[in-house]
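Undergrad: The structure file start.txt (compact mmCIF, C-alpha atoms) is provided below.
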```
# COMPACT_ATOMS: atom_id res chain seq x y z
CA MET R 1 19.63 39.51 -43.71
CA THR R 2 17.43 37.29 -41.55
CA LYS R 3 18.78 34.96 -38.89
CA ASN R 4 17.09 31.65 -38.11
CA GLY R 5 17.06 30.41 -34.53
CA PHE R 6 15.89 31.30 -31.06
CA THR R 7 17.07 34.04 -28.77
CA LEU R 8 18.32 33.32 -25.29
CA ILE R 9 15.17 34.88 -23.80
CA GLU R 10 12.92 32.56 -25.84
CA VAL R 11 14.87 29.46 -24.80
CA LEU R 12 14.85 30.50 -21.11
CA THR R 13 11.10 31.14 -21.29
CA VAL R 14 10.47 27.64 -22.65
CA VAL R 15 12.72 26.08 -19.98
CA ILE R 16 10.90 27.97 -17.21
CA ILE R 17 7.48 26.88 -18.55
CA ILE R 18 8.61 23.24 -18.72
CA GLY R 19 9.96 23.51 -15.16
CA ILE R 20 6.67 24.90 -13.86
CA LEU R 21 4.64 22.18 -15.60
CA THR R 22 6.97 19.47 -14.27
CA SER R 23 6.78 20.80 -10.70
CA MET R 24 2.98 20.63 -10.91
CA ALA R 25 2.79 17.17 -12.49
CA LEU R 26 5.45 15.31 -10.48
CA PRO R 27 3.56 15.20 -7.14
CA MET R 28 0.45 13.89 -8.89
CA TYR R 29 2.51 11.24 -10.65
CA THR R 30 4.24 10.06 -7.46
CA ARG R 31 0.90 9.86 -5.64
CA ALA R 32 -0.58 7.79 -8.48
CA VAL R 33 2.41 5.42 -8.36
CA GLU R 34 2.10 5.10 -4.57
CA ARG R 35 -1.63 4.42 -4.86
CA SER R 36 -0.93 1.59 -7.30
CA ARG R 37 1.61 0.10 -4.88
CA ALA R 38 -0.93 0.26 -2.06
CA THR R 39 -3.55 -1.37 -4.28
CA GLU R 40 -1.10 -4.16 -5.07
CA ALA R 41 -0.52 -4.66 -1.34
CA MET R 42 -4.28 -4.84 -0.85
CA ALA R 43 -4.53 -7.66 -3.40
CA ASP R 44 -1.67 -9.48 -1.66
CA ILE R 45 -3.36 -9.11 1.74
CA LYS R 46 -6.61 -10.52 0.34
CA ALA R 47 -4.82 -13.50 -1.22
CA MET R 48 -2.88 -14.23 1.97
CA ASN R 49 -5.95 -13.95 4.22
CA ASP R 50 -7.88 -16.28 1.87
CA SER R 51 -4.96 -18.69 2.02
CA ILE R 52 -4.92 -18.50 5.83
CA TYR R 53 -8.61 -19.39 5.84
CA ALA R 54 -8.08 -22.34 3.47
CA TYR R 55 -5.11 -23.63 5.47
CA TYR R 56 -7.02 -23.36 8.75
CA ALA R 57 -10.08 -25.09 7.26
CA ASP R 58 -7.85 -27.98 6.15
CA LYS R 59 -5.45 -28.39 9.09
CA GLU R 60 -7.22 -26.54 11.95
CA GLU R 61 -4.03 -24.67 12.86
CA CYS R 62 -2.69 -21.24 11.99
CA PRO R 63 -0.04 -21.24 9.26
CA THR R 64 3.23 -19.38 8.94
CA PHE R 65 4.00 -17.62 5.69
CA LYS R 66 6.08 -20.59 4.52
CA LYS R 67 3.02 -22.84 4.76
CA LEU R 68 0.75 -20.56 2.72
CA VAL R 69 0.15 -21.34 -0.93
CA VAL R 70 0.47 -17.69 -1.93
CA VAL R 71 3.43 -16.49 -3.94
CA VAL R 72 4.18 -12.77 -3.75
CA PRO R 73 6.44 -11.66 -6.61
CA GLY R 74 9.85 -10.43 -5.51
CA SER R 75 9.41 -11.64 -1.97
CA ASP R 76 11.70 -13.15 0.62
CA ALA R 77 9.40 -15.41 2.65
CA LEU R 78 10.49 -16.12 6.19
CA GLY R 79 8.41 -17.92 8.76
CA THR R 80 7.15 -14.73 10.40
CA LYS R 81 7.13 -12.21 7.54
CA ILE R 82 7.30 -11.69 3.80
CA THR R 83 9.47 -8.84 2.57
CA THR R 84 9.06 -7.36 -0.91
CA LYS R 85 10.60 -4.30 -2.52
CA ASN R 86 7.81 -2.06 -1.23
CA PHE R 87 6.13 -3.77 1.73
CA THR R 88 6.72 -6.07 4.67
CA PHE R 89 3.82 -8.43 5.40
CA THR R 90 3.37 -9.77 8.94
CA MET R 91 0.67 -11.51 10.99
CA PRO R 92 0.88 -9.66 14.33
CA SER R 93 -1.39 -10.51 17.23
CA SER R 94 -2.69 -6.92 17.09
CA THR R 95 -4.68 -7.61 13.90
CA ALA R 96 -8.19 -9.03 13.88
CA LEU R 97 -8.80 -12.73 13.38
CA VAL R 98 -9.56 -14.00 9.89
CA PRO R 99 -13.28 -14.92 10.04
CA GLY R 100 -13.85 -18.62 10.64
CA THR R 101 -10.36 -19.12 12.08
CA GLU R 102 -8.30 -18.45 15.18
CA CYS R 103 -5.54 -16.88 13.04
CA HIS R 104 -4.59 -13.24 12.87
CA GLY R 105 -4.87 -11.42 9.54
CA VAL R 106 -2.04 -9.99 7.46
CA LEU R 107 -0.68 -6.47 7.98
CA ALA R 108 1.28 -4.69 5.21
CA THR R 109 3.81 -2.05 6.25
CA ARG R 110 5.36 0.24 3.63
CA ASN R 111 9.13 -0.10 3.99
CA SER R 112 10.70 2.16 1.39
CA GLY R 113 10.20 5.17 -0.83
CA GLY R 114 9.92 7.63 2.04
CA TYR R 115 6.48 6.37 3.09
CA ALA R 116 5.54 4.74 6.40
CA TYR R 117 1.91 3.63 6.32
CA THR R 118 0.23 0.33 7.16
CA ILE R 119 -2.69 -1.47 5.52
CA TRP R 120 -4.77 -4.22 7.12
CA ASN R 121 -8.22 -5.78 7.13
CA PRO R 122 -10.05 -5.12 10.39
CA TYR R 123 -12.86 -7.63 9.62
CA GLN R 124 -15.62 -5.54 11.08
CA THR R 125 -18.62 -3.61 9.87
CA VAL R 126 -19.02 0.14 9.99
CA GLY R 127 -22.38 1.72 9.34
CA GLY R 128 -23.91 -1.60 8.27
CA LYS R 129 -21.39 -2.33 5.50
CA ALA R 130 -18.31 -4.49 5.64
CA LEU R 131 -15.08 -2.55 6.00
CA SER R 132 -12.66 -4.05 3.52
CA LEU R 133 -9.39 -2.39 4.48
CA LYS R 134 -7.97 0.22 6.78
CA CYS R 135 -4.87 2.35 6.31
CA ASP R 136 -3.00 4.54 8.75
CA GLY R 137 0.10 6.67 8.46
CA THR R 138 2.30 8.84 10.60
CA SER R 139 3.00 11.81 8.33
CA ASP R 140 0.72 14.04 6.29
CA LYS R 141 1.82 12.44 3.01
CA ASP R 142 1.14 8.94 4.41
CA ILE R 143 -2.31 10.01 5.54
CA ALA R 144 -2.92 11.64 2.14
CA ILE R 145 -2.23 8.30 0.41
CA CYS R 146 -4.62 6.50 2.79
CA GLU R 147 -7.29 9.16 2.27
CA SER R 148 -6.93 9.01 -1.51
CA LEU R 149 -7.63 5.27 -1.33
CA GLY R 150 -10.64 5.83 0.92
CA TRP R 151 -9.18 3.61 3.65
CA TYR R 152 -8.18 6.22 6.21
CA GLU R 153 -10.18 6.67 9.34
CA ALA R 154 -9.18 9.54 11.61
CA PRO R 155 -8.41 8.42 15.18
CA ALA R 156 -11.10 9.21 17.72
CA SER R 157 -10.19 12.23 19.79
```
The structure in this file should be written as structure tokens.
TA:
Amino acid sequence: MTKNGFTLIEVLTVVIIIGILTSMALPMYTRAVERSRATEAMADIKAMNDSIYAYYADKEECPTFKKLVVVVPGSDALGTKITTKNFTFTMPSSTALVPGTECHGVLATRNSGGYAYTIWNPYQTVGGKALSLKCDGTSDKDIAICESLGWYEAPAS
């Protein structure tokens, strides 16, 4: 008489293999998701800085976020910042000026998901080529995200 089915050892072996594969794939998946969020923030920064330039060219004054003609999906626009699910956008005086204006550029700070990195446009050239964005983080996983995007620059020691 033959019995159809799986033994307990066979089922446990399959569960262990699935667990090992999941533990290997999950970090790669979360990094890919975080990279896409950072890339979205980069596009938002570019649109906002372009809007700052256009506003300044028209009115010759620096705008607040309410005056910009940029709509960021899922945002809560206040006069001094825009808050989305993943980032907070500000225009601090510590950022470089948008070229052709007297206005500071936009800085994106990651505000959820266990990450704490910032992305901004320094508007300078490094090695003869324009530096598009810069990213900096406080923890190793934040720095790993910045490095994977190619925007991290180690602080001078």
Undergrad: Given the choices R:Pro63, R:Ala154, R:Val71, R:Ala41, which gets closest to Thr109 (chain R) if the distance is worked out from all atoms listed in the file?
TA: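 For Thr109 (chain R), the nearest of the candidates is R:Ala41.
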Undergrad: Work out how far CA of Lys66 (chain R) is from CA of Pro99 (chain R), in Å to one decimal.
TA: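 Separation of CA of Pro99 (chain R) and CA of Lys66 (chain R): 20.9 Å.
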Undergrad: State, in Å with one decimal place, the distance from CA of Gly105 (chain R) to CA of Gly150 (chain R).
TA: 20.1 Å
Undergrad: Enumerate, as a PyMOL selection string, the protein, DNA and RNA residues whose atoms approach (6.8, -4.5, 7.9) to within 12 Å, taking into account all atoms listed in the file and the coordinate frame of the file.
TA: chain R and resi 41+80-92+106-112+115-120
Undergrad: Could you tell me how far CA of Ile143 (chain R) sits from CA of Arg31 (chain R), in Å to one decimal place?
TA: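 Value for the CA of Arg31 (chain R)-CA of Ile143 (chain R) distance: 11.6 Å.
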Undergrad: For a quick check of understanding, using only C-alpha atoms, which of R:Glu102, R:Glu61, R:Glu40, R:Glu34 has the smallest distance to Pro73 (chain R)?
TA: R:Glu40
